[in-house]
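Source file: upload-v1.cif; contents: mmCIF, C-alpha atoms.
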```cif
data_start
#
loop_
_atom_site.label_atom_id
_atom_site.label_comp_id
_atom_site.auth_asym_id
_atom_site.auth_seq_id
_atom_site.Cartn_x
_atom_site.Cartn_y
_atom_site.Cartn_z
CA SER A 27 -22.65 -24.67 -80.91
CA VAL A 28 -19.08 -25.91 -81.55
CA SER A 29 -20.45 -29.09 -83.13
CA VAL A 30 -22.94 -27.39 -85.41
CA ARG A 31 -20.31 -24.85 -86.51
CA HIS A 32 -17.90 -27.70 -87.27
CA PHE A 33 -20.42 -29.25 -89.64
CA GLN A 34 -21.36 -25.78 -91.00
CA VAL A 35 -24.98 -26.19 -89.96
CA PRO A 36 -26.93 -22.89 -89.76
CA TYR A 37 -28.09 -22.16 -86.22
CA ILE A 38 -29.45 -19.38 -84.03
CA LEU A 39 -28.63 -19.07 -80.33
CA PHE A 40 -31.78 -18.80 -78.22
CA SER A 41 -30.50 -18.00 -74.77
CA PRO A 42 -31.89 -15.21 -72.60
CA ILE A 43 -29.26 -12.92 -71.07
CA GLY A 44 -30.01 -11.01 -67.89
CA GLN A 45 -28.45 -7.95 -66.32
CA GLY A 46 -25.70 -7.29 -63.77
CA VAL A 47 -22.24 -8.85 -63.50
CA TYR A 48 -23.11 -12.20 -65.06
CA GLY A 49 -25.31 -10.80 -67.81
CA HIS A 50 -22.68 -8.25 -68.84
CA PHE A 51 -19.91 -10.85 -68.83
CA VAL A 52 -21.88 -13.35 -70.94
CA ARG A 53 -23.01 -10.68 -73.38
CA GLU A 54 -19.45 -9.41 -73.91
CA GLU A 55 -18.04 -12.90 -74.33
CA LEU A 56 -20.66 -13.74 -76.95
CA LYS A 57 -19.86 -10.52 -78.82
CA LYS A 58 -16.18 -11.52 -78.99
CA ARG A 59 -17.27 -14.72 -80.69
CA GLY A 60 -19.57 -12.95 -83.08
CA ILE A 61 -22.68 -14.37 -81.42
CA SER A 62 -25.74 -12.36 -80.51
CA SER A 63 -28.83 -13.56 -78.65
CA PRO A 64 -32.25 -12.70 -80.13
CA ILE A 65 -33.71 -12.89 -76.61
CA PRO A 66 -32.23 -10.06 -74.55
CA SER A 67 -33.72 -10.09 -71.06
CA PRO A 68 -32.53 -6.91 -69.30
CA ASP A 69 -35.09 -7.31 -66.53
CA ALA A 70 -34.37 -10.97 -65.84
CA GLU A 71 -32.58 -11.93 -62.63
CA ASN A 72 -28.98 -13.04 -62.79
CA GLY A 73 -27.81 -16.57 -62.29
CA CYS A 74 -24.93 -18.96 -62.61
CA CYS A 75 -24.28 -22.66 -63.08
CA TYR A 76 -22.11 -24.77 -60.78
CA CYS A 77 -20.35 -27.94 -61.89
CA PHE A 78 -19.67 -30.43 -59.09
CA VAL A 79 -17.08 -33.08 -59.95
CA GLU A 80 -16.97 -36.30 -57.94
CA LYS A 81 -13.68 -38.14 -57.29
CA SER A 82 -14.89 -40.73 -59.81
CA GLY A 83 -15.16 -38.01 -62.47
CA GLU A 84 -18.98 -37.93 -62.46
CA ARG A 85 -20.30 -34.39 -62.94
CA SER A 86 -23.46 -32.73 -61.67
CA PHE A 87 -24.69 -29.32 -62.77
CA VAL A 88 -26.80 -26.95 -60.69
CA SER A 89 -28.17 -23.66 -61.99
CA TYR A 90 -28.79 -20.94 -59.44
CA HIS A 91 -31.06 -18.10 -60.48
CA GLY A 92 -30.72 -14.79 -58.71
CA ALA A 93 -27.04 -15.31 -57.89
CA GLU A 94 -24.76 -12.33 -57.57
CA TYR A 95 -21.32 -11.71 -56.09
CA LEU A 96 -21.38 -10.40 -52.51
CA PHE A 97 -17.85 -9.05 -52.63
CA GLU A 98 -15.47 -7.38 -55.05
CA LYS A 99 -13.29 -9.78 -57.02
CA ASN A 100 -10.09 -8.83 -55.18
CA LYS A 101 -11.80 -9.44 -51.81
CA ILE A 102 -13.12 -12.90 -52.73
CA ARG A 103 -9.64 -14.47 -52.66
CA GLU A 104 -8.94 -12.87 -49.29
CA HIS A 105 -12.14 -14.33 -47.85
CA GLN A 106 -11.42 -17.74 -49.39
CA LYS A 107 -7.97 -17.76 -47.80
CA ALA A 108 -9.36 -16.69 -44.44
CA MET A 109 -12.12 -19.34 -44.55
CA THR A 110 -9.66 -22.09 -45.48
CA ALA A 111 -7.45 -21.17 -42.52
CA ARG A 112 -10.46 -20.95 -40.20
CA ILE A 113 -11.81 -24.36 -41.26
CA ASP A 114 -8.41 -26.02 -40.97
CA LYS A 115 -8.00 -24.68 -37.43
CA LEU A 116 -11.48 -25.83 -36.35
CA VAL A 117 -11.26 -29.38 -37.71
CA ARG A 118 -7.74 -29.97 -36.38
CA THR A 119 -9.11 -30.26 -32.83
CA ALA A 120 -11.64 -32.94 -33.78
CA ALA A 121 -9.65 -34.94 -36.33
CA LYS A 122 -9.23 -38.03 -34.13
CA LEU A 123 -12.77 -38.17 -32.72
CA SER A 124 -15.39 -40.74 -33.68
CA GLU A 125 -18.08 -39.89 -36.28
CA TRP A 126 -20.66 -39.20 -33.57
CA GLU A 127 -18.20 -37.08 -31.58
CA LYS A 128 -17.30 -35.08 -34.70
CA GLU A 129 -20.98 -34.42 -35.36
CA LYS A 130 -21.47 -33.25 -31.76
CA TYR A 131 -18.31 -31.12 -31.95
CA VAL A 132 -19.61 -29.23 -35.01
CA HIS A 133 -23.13 -28.94 -33.55
CA ASP A 134 -21.76 -27.55 -30.28
CA PHE A 135 -19.50 -25.10 -32.08
CA ILE A 136 -22.51 -23.65 -33.92
CA CYS A 137 -24.60 -23.44 -30.75
CA GLN A 138 -21.85 -21.77 -28.72
CA ASN A 139 -20.34 -19.42 -31.28
CA VAL A 140 -22.99 -18.42 -33.81
CA HIS A 141 -25.86 -16.00 -33.25
CA TYR A 142 -28.95 -16.26 -35.41
CA ASP A 143 -28.97 -13.20 -37.68
CA LYS A 144 -32.47 -11.73 -37.45
CA LEU A 145 -31.45 -8.92 -39.83
CA LYS A 146 -30.53 -11.56 -42.41
CA LYS A 147 -27.41 -9.95 -43.85
CA ALA A 148 -26.35 -11.25 -47.26
CA TYR A 149 -23.23 -13.03 -45.97
CA SER A 150 -25.29 -14.79 -43.29
CA HIS A 151 -26.51 -17.14 -46.03
CA GLU A 152 -22.93 -18.31 -46.71
CA ILE A 153 -20.26 -19.95 -44.56
CA ILE A 154 -18.50 -16.62 -44.12
CA GLY A 155 -21.36 -15.56 -41.83
CA PRO A 156 -21.19 -18.34 -39.21
CA LEU A 157 -17.46 -19.08 -39.56
CA GLY A 158 -16.15 -15.57 -40.15
CA GLN A 159 -18.63 -13.18 -38.56
CA GLY A 160 -20.27 -15.37 -35.90
CA VAL A 161 -23.76 -14.80 -37.33
CA GLY A 162 -25.93 -16.75 -39.72
CA VAL A 163 -29.35 -17.85 -40.84
CA CYS A 164 -30.37 -21.45 -41.41
CA GLU A 165 -28.85 -21.62 -44.91
CA GLY A 166 -25.45 -20.31 -43.82
CA ILE A 167 -25.45 -22.51 -40.72
CA ALA A 168 -26.32 -25.65 -42.70
CA LYS A 169 -23.57 -24.85 -45.22
CA ALA A 170 -21.07 -24.32 -42.39
CA VAL A 171 -22.04 -27.65 -40.79
CA LYS A 172 -21.56 -29.43 -44.11
CA VAL A 173 -18.19 -27.82 -44.82
CA LEU A 174 -16.86 -28.74 -41.39
CA LEU A 175 -18.19 -32.30 -41.46
CA ASP A 176 -16.90 -32.79 -45.01
CA GLU A 177 -13.44 -31.81 -43.81
CA LEU A 178 -13.78 -34.23 -40.90
CA GLY A 179 -14.77 -37.08 -43.20
CA VAL A 180 -18.38 -37.36 -42.01
CA TRP A 181 -21.01 -37.81 -44.73
CA CYS A 182 -23.38 -34.85 -44.74
CA VAL A 183 -25.86 -33.19 -47.11
CA ILE A 184 -28.08 -30.13 -46.93
CA ALA A 185 -31.86 -30.60 -46.61
CA ILE A 186 -34.31 -27.91 -47.71
CA CYS A 187 -38.04 -27.73 -46.99
CA GLY A 188 -40.59 -25.41 -48.54
CA ASN A 189 -42.50 -22.57 -46.96
CA ASN A 190 -46.17 -22.78 -46.01
CA PRO A 191 -48.01 -19.42 -45.91
CA GLU A 192 -51.18 -21.12 -44.65
CA LYS A 193 -49.30 -22.08 -41.48
CA GLY A 194 -47.58 -18.72 -41.24
CA ILE A 195 -44.27 -20.11 -42.46
CA LYS A 196 -42.97 -17.43 -44.82
CA TYR A 197 -39.57 -18.85 -45.71
CA ARG A 198 -37.93 -22.11 -46.63
CA HIS A 199 -35.80 -23.76 -43.98
CA THR A 200 -32.45 -25.51 -44.31
CA TRP A 201 -30.74 -28.09 -42.12
CA ASN A 202 -28.55 -31.22 -42.56
CA ILE A 203 -28.79 -34.95 -42.93
CA VAL A 204 -25.79 -36.89 -41.66
CA ARG A 205 -24.71 -40.51 -41.86
CA ILE A 206 -23.34 -41.85 -38.60
CA GLY A 207 -22.35 -45.51 -38.39
CA GLY A 208 -24.03 -46.17 -41.73
CA THR A 209 -27.39 -44.74 -40.59
CA TYR A 210 -28.98 -41.46 -41.71
CA TYR A 211 -30.22 -38.83 -39.25
CA HIS A 212 -31.57 -35.28 -39.34
CA LEU A 213 -29.41 -32.62 -37.67
CA ASP A 214 -30.87 -29.12 -37.31
CA ALA A 215 -28.19 -27.01 -35.65
CA THR A 216 -30.16 -23.81 -36.32
CA PHE A 217 -33.16 -24.87 -34.24
CA ASP A 218 -30.94 -26.08 -31.38
CA ASN A 219 -28.95 -22.85 -31.64
CA THR A 220 -32.06 -20.73 -31.08
CA LEU A 221 -33.32 -22.93 -28.22
CA GLY A 222 -30.21 -22.48 -26.07
CA ASN A 223 -30.33 -20.00 -23.19
CA ASP A 224 -28.05 -17.25 -24.52
CA LYS A 225 -25.21 -19.76 -25.21
CA LYS A 226 -25.12 -20.82 -21.55
CA GLU A 227 -26.63 -24.19 -22.36
CA ILE A 228 -26.58 -26.38 -25.45
CA ARG A 229 -29.80 -28.04 -26.55
CA TYR A 230 -29.98 -31.26 -28.56
CA ASP A 231 -33.69 -31.38 -29.42
CA TYR A 232 -32.84 -31.71 -33.11
CA PHE A 233 -29.76 -33.92 -32.90
CA ASN A 234 -30.10 -37.22 -34.81
CA LEU A 235 -33.84 -37.28 -35.40
CA ASP A 236 -35.72 -39.66 -37.68
CA ASP A 237 -38.18 -38.56 -40.36
CA LYS A 238 -41.21 -38.95 -38.10
CA SER A 239 -39.74 -36.67 -35.45
CA ILE A 240 -38.29 -33.95 -37.69
CA PHE A 241 -41.44 -33.54 -39.76
CA ARG A 242 -43.57 -32.84 -36.73
CA ASP A 243 -42.59 -29.21 -37.13
CA HIS A 244 -40.63 -29.12 -40.40
CA GLU A 245 -42.30 -28.88 -43.80
CA PRO A 246 -41.74 -31.62 -46.45
CA LEU A 247 -38.47 -31.55 -48.35
CA ILE A 248 -38.43 -29.95 -51.79
CA ALA A 249 -35.53 -32.10 -53.02
CA PRO A 250 -34.85 -35.85 -52.67
CA ALA A 251 -32.84 -36.95 -49.64
CA PRO A 252 -32.02 -40.23 -47.88
CA LYS A 253 -34.73 -41.56 -45.58
CA CYS A 254 -33.99 -41.30 -41.88
CA GLU A 255 -35.83 -44.24 -40.35
CA GLU A 256 -33.78 -44.86 -37.21
CA GLY A 257 -34.81 -42.96 -34.10
CA ASP A 258 -33.01 -44.86 -31.36
CA HIS A 259 -29.96 -42.57 -31.48
CA PHE A 260 -31.78 -39.32 -30.81
CA TYR A 261 -29.37 -37.48 -28.50
CA TYR A 262 -31.51 -37.41 -25.34
CA ARG A 263 -32.57 -41.01 -25.82
CA GLU A 264 -28.95 -42.05 -26.35
CA LYS A 265 -28.03 -40.30 -23.09
CA LYS A 266 -31.08 -41.80 -21.35
CA LEU A 267 -32.55 -38.34 -20.84
CA SER A 268 -35.69 -38.88 -22.90
CA PHE A 269 -38.82 -40.11 -21.15
CA THR A 270 -42.22 -41.14 -22.50
CA LYS A 271 -43.77 -42.27 -19.21
CA THR A 272 -44.68 -40.15 -16.19
CA GLU A 273 -43.24 -42.68 -13.75
CA ASP A 274 -39.87 -42.53 -15.53
CA VAL A 275 -39.80 -38.75 -15.13
CA TYR A 276 -40.68 -39.08 -11.44
CA ARG A 277 -37.99 -41.72 -10.87
CA ARG A 278 -35.27 -39.65 -12.57
CA ALA A 279 -36.33 -36.52 -10.63
CA LEU A 280 -35.92 -38.42 -7.33
CA GLN A 281 -32.49 -39.72 -8.35
CA THR A 282 -31.38 -36.22 -9.29
CA ALA A 283 -32.72 -34.71 -6.05
CA LYS A 284 -30.85 -37.29 -3.96
CA LYS A 285 -27.63 -36.15 -5.63
CA GLY A 286 -28.43 -32.55 -4.74
CA ARG A 287 -28.89 -31.52 -8.35
CA VAL A 288 -31.67 -29.62 -10.12
CA PHE A 289 -33.90 -31.65 -12.43
CA GLY A 290 -34.93 -29.68 -15.53
CA LEU A 291 -37.63 -30.90 -17.89
CA ILE A 292 -37.59 -29.96 -21.57
CA THR A 293 -40.68 -30.46 -23.72
CA PRO A 294 -39.47 -31.24 -27.24
CA PHE A 295 -40.75 -30.05 -30.61
CA ILE A 296 -42.15 -26.70 -29.53
CA ALA A 297 -39.46 -24.62 -31.23
CA SER A 298 -40.60 -21.62 -33.20
CA LYS A 299 -40.18 -21.59 -36.97
CA ILE A 300 -36.92 -20.14 -38.25
#
```

Can the structure from this file be put into structure tokens for me?
Amino acid sequence: SVSVRHFQVPYILFSPIGQGVYGHFVREELKKRGISSPIPSPDAENGCCYCFVEKSGERSFVSYHGAEYLFEKNKIREHQKAMTARIDKLVRTAAKLSEWEKEKYVHDFICQNVHYDKLKKAYSHEIIGPLGQGVGVCEGIAKAVKVLLDELGVWCVIAICGNNPEKGIKYRHTWNIVRIGGTYYHLDATFDNTLGNDKKEIRYDYFNLDDKSIFRDHEPLIAPAPKCEEGDHFYYREKKLSFTKTEDVYRRALQTAKKGRVFGLITPFIASKI
């Protein structure tokens, strides 16, 4: 609009304006500039647009419909300060670890300290849930994993799959894709979190899976993501605790019994949908 006004070209703004905090703010700002929208949308959901700026200066824009502030403006800065301090304290312990060790450190922190929020409180969808309140749903957990790994210098993105009512899957699910040693893997801390026995044990069923393994019980992604084609570094396989042959299971059970230990067998990929 600045350009067309500069050249004195007649124009009309066609931009729907919703309700709530964002709608009110936009409407008032337009009024100050003498601009009115011919498409008022009082029943439309709110939204906002994020601008992500890379170190190179490249910019990406993401619009988020249905967004709304969870906290009062004066509380937001308090939470931001608290989260910054919390993150700094958590990553300090793992700063000198290897990439794989950092990934495991973050995964284990989630499994030991975060409870899945079945009531699905609003803040459980953001990092303040897992990192500040000790509760979260898959979205909040995936965001927390990304924030921590970003601070630790480990490449990480968020992966989102769609729902599937025909299979009884009502909601979308969110997890992470990490790059360890130049190779991409799926990391679903939420599923491992819910598999653990009341925080007494940590499960790694969804630690460094390839595409073939993760999509056995995860729906297809709804946004592009790097392909994860390497499956040799699945946690239990890496630790030589994954068996595909009956005789291998029998042999390991005998070895464990001779050491006076209990041999537990976990059947993978039977986790319930989150």

- Residue among A:Val204, A:Asp176, A:Tyr210, A:His259 lying closest to Asp231 in chain A, counting all atoms listed in the file: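 Checking each of A:Val204, A:Asp176, A:Tyr210, A:His259 against Asp231 in chain A, counting all atoms listed in the file, the winner is A:His259.
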
- Message: If I take CA of Val180 in chain A and CA of Phe217 in chain A, how far is one from the other in Å, to one decimal?
- Response: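 Pair CA of Val180 in chain A / CA of Phe217 in chain A returns 20.9 Å.
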
Got a sec: who's within 10 Å of Asp134 in chain A, counting all atoms listed in the file, leaving out chain neighbours fewer than 3 positions off, as a short mmCIF file (atom, residue, chain, number, x, y, z; two decimals) with C-alpha atoms, keeping the file's coordinate frame?
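Contents of around-v4.cif, as written:
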```cif
data_model
loop_
_atom_site.label_atom_id
_atom_site.label_comp_id
_atom_site.auth_asym_id
_atom_site.auth_seq_id
_atom_site.Cartn_x
_atom_site.Cartn_y
_atom_site.Cartn_z
CA LYS A 128 -17.30 -35.08 -34.70
CA GLU A 129 -20.98 -34.42 -35.36
CA LYS A 130 -21.47 -33.25 -31.76
CA TYR A 131 -18.31 -31.12 -31.95
CA CYS A 137 -24.60 -23.44 -30.75
CA GLN A 138 -21.85 -21.77 -28.72
CA ASN A 139 -20.34 -19.42 -31.28
CA VAL A 140 -22.99 -18.42 -33.81
CA ALA A 215 -28.19 -27.01 -35.65
CA ASP A 218 -30.94 -26.08 -31.38
CA ASN A 219 -28.95 -22.85 -31.64
CA LYS A 225 -25.21 -19.76 -25.21
CA GLU A 227 -26.63 -24.19 -22.36
CA ILE A 228 -26.58 -26.38 -25.45
CA ARG A 229 -29.80 -28.04 -26.55
CA TYR A 230 -29.98 -31.26 -28.56
#
```

- Residues matched by the PyMOL selection byres ((chain A and resi 192-197) around 12) as a PyMOL selection string: chain A and resi 163-165+186-191+198-200+243-245+298-300

- Between A:Lys101, A:Lys146, A:His133, A:His141, single out the one closest to Asp214 in chain A, counting all atoms listed in the file. A:His133

Going by the chain IDs and residue numbers used in this file, which residues fall under the PyMOL selection byres ((chain A and resi 121-124) around 10)? Write them as an mmCIF file with C-alpha atoms, in the coordinates of the input.
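Contents of part-v4.cif, freshly written:
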```cif
data_model
loop_
_atom_site.group_PDB
_atom_site.id
_atom_site.type_symbol
_atom_site.label_atom_id
_atom_site.label_comp_id
_atom_site.auth_asym_id
_atom_site.auth_seq_id
_atom_site.Cartn_x
_atom_site.Cartn_y
_atom_site.Cartn_z
ATOM 1 C CA LEU A 116 -11.480 -25.830 -36.350
ATOM 2 C CA VAL A 117 -11.260 -29.380 -37.710
ATOM 3 C CA ARG A 118 -7.740 -29.970 -36.380
ATOM 4 C CA THR A 119 -9.110 -30.260 -32.830
ATOM 5 C CA ALA A 120 -11.640 -32.940 -33.780
ATOM 6 C CA GLU A 125 -18.080 -39.890 -36.280
ATOM 7 C CA TRP A 126 -20.660 -39.200 -33.570
ATOM 8 C CA GLU A 127 -18.200 -37.080 -31.580
ATOM 9 C CA LYS A 128 -17.300 -35.080 -34.700
ATOM 10 C CA GLU A 129 -20.980 -34.420 -35.360
ATOM 11 C CA LYS A 130 -21.470 -33.250 -31.760
ATOM 12 C CA TYR A 131 -18.310 -31.120 -31.950
ATOM 13 C CA GLU A 177 -13.440 -31.810 -43.810
ATOM 14 C CA LEU A 178 -13.780 -34.230 -40.900
ATOM 15 C CA GLY A 179 -14.770 -37.080 -43.200
ATOM 16 C CA VAL A 180 -18.380 -37.360 -42.010
ATOM 17 C CA ILE A 206 -23.340 -41.850 -38.600
ATOM 18 C CA GLY A 207 -22.350 -45.510 -38.390
#
```

Local residues around (-32.9, -37.8, -45.0), at most 10 Å away, using all atoms listed in the file, as a PDB file with C-alpha atoms, keeping the file's coordinate frame:
```pdb
ATOM      1  CA  CYS A 182     -23.380 -34.850 -44.740  1.00  0.00           C
ATOM      2  CA  VAL A 183     -25.860 -33.190 -47.110  1.00  0.00           C
ATOM      3  CA  ILE A 184     -28.080 -30.130 -46.930  1.00  0.00           C
ATOM      4  CA  ALA A 185     -31.860 -30.600 -46.610  1.00  0.00           C
ATOM      5  CA  ASN A 202     -28.550 -31.220 -42.560  1.00  0.00           C
ATOM      6  CA  ILE A 203     -28.790 -34.950 -42.930  1.00  0.00           C
ATOM      7  CA  VAL A 204     -25.790 -36.890 -41.660  1.00  0.00           C
ATOM      8  CA  ARG A 205     -24.710 -40.510 -41.860  1.00  0.00           C
ATOM      9  CA  THR A 209     -27.390 -44.740 -40.590  1.00  0.00           C
ATOM     10  CA  TYR A 210     -28.980 -41.460 -41.710  1.00  0.00           C
ATOM     11  CA  TYR A 211     -30.220 -38.830 -39.250  1.00  0.00           C
ATOM     12  CA  HIS A 212     -31.570 -35.280 -39.340  1.00  0.00           C
ATOM     13  CA  LEU A 213     -29.410 -32.620 -37.670  1.00  0.00           C
ATOM     14  CA  LEU A 235     -33.840 -37.280 -35.400  1.00  0.00           C
ATOM     15  CA  ASP A 236     -35.720 -39.660 -37.680  1.00  0.00           C
ATOM     16  CA  ASP A 237     -38.180 -38.560 -40.360  1.00  0.00           C
ATOM     17  CA  ILE A 240     -38.290 -33.950 -37.690  1.00  0.00           C
ATOM     18  CA  LEU A 247     -38.470 -31.550 -48.350  1.00  0.00           C
ATOM     19  CA  PRO A 250     -34.850 -35.850 -52.670  1.00  0.00           C
ATOM     20  CA  ALA A 251     -32.840 -36.950 -49.640  1.00  0.00           C
ATOM     21  CA  PRO A 252     -32.020 -40.230 -47.880  1.00  0.00           C
ATOM     22  CA  LYS A 253     -34.730 -41.560 -45.580  1.00  0.00           C
ATOM     23  CA  CYS A 254     -33.990 -41.300 -41.880  1.00  0.00           C
ATOM     24  CA  GLU A 255     -35.830 -44.240 -40.350  1.00  0.00           C
TER      25      GLU A 255
END
```

- For CA of Arg112 in chain A and CA of Val132 in chain A, the interatomic separation in Å (one decimal):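 Straight-line distance from CA of Arg112 in chain A to CA of Val132 in chain A works out to 13.4 Å.
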
- Message: Just the number, please: distance in Å from CA of Lys115 in chain A to CA of Leu174 in chain A, one decimal.
- Response: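 Separation of CA of Lys115 in chain A and CA of Leu174 in chain A: 10.5 Å.
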
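Among A:Ala148, A:Ile153, A:Val173, A:Val161, the residue with the shortest atom-to-atom distance to Phe97 in chain A, counting all atoms listed in the file, is A:Ala148.
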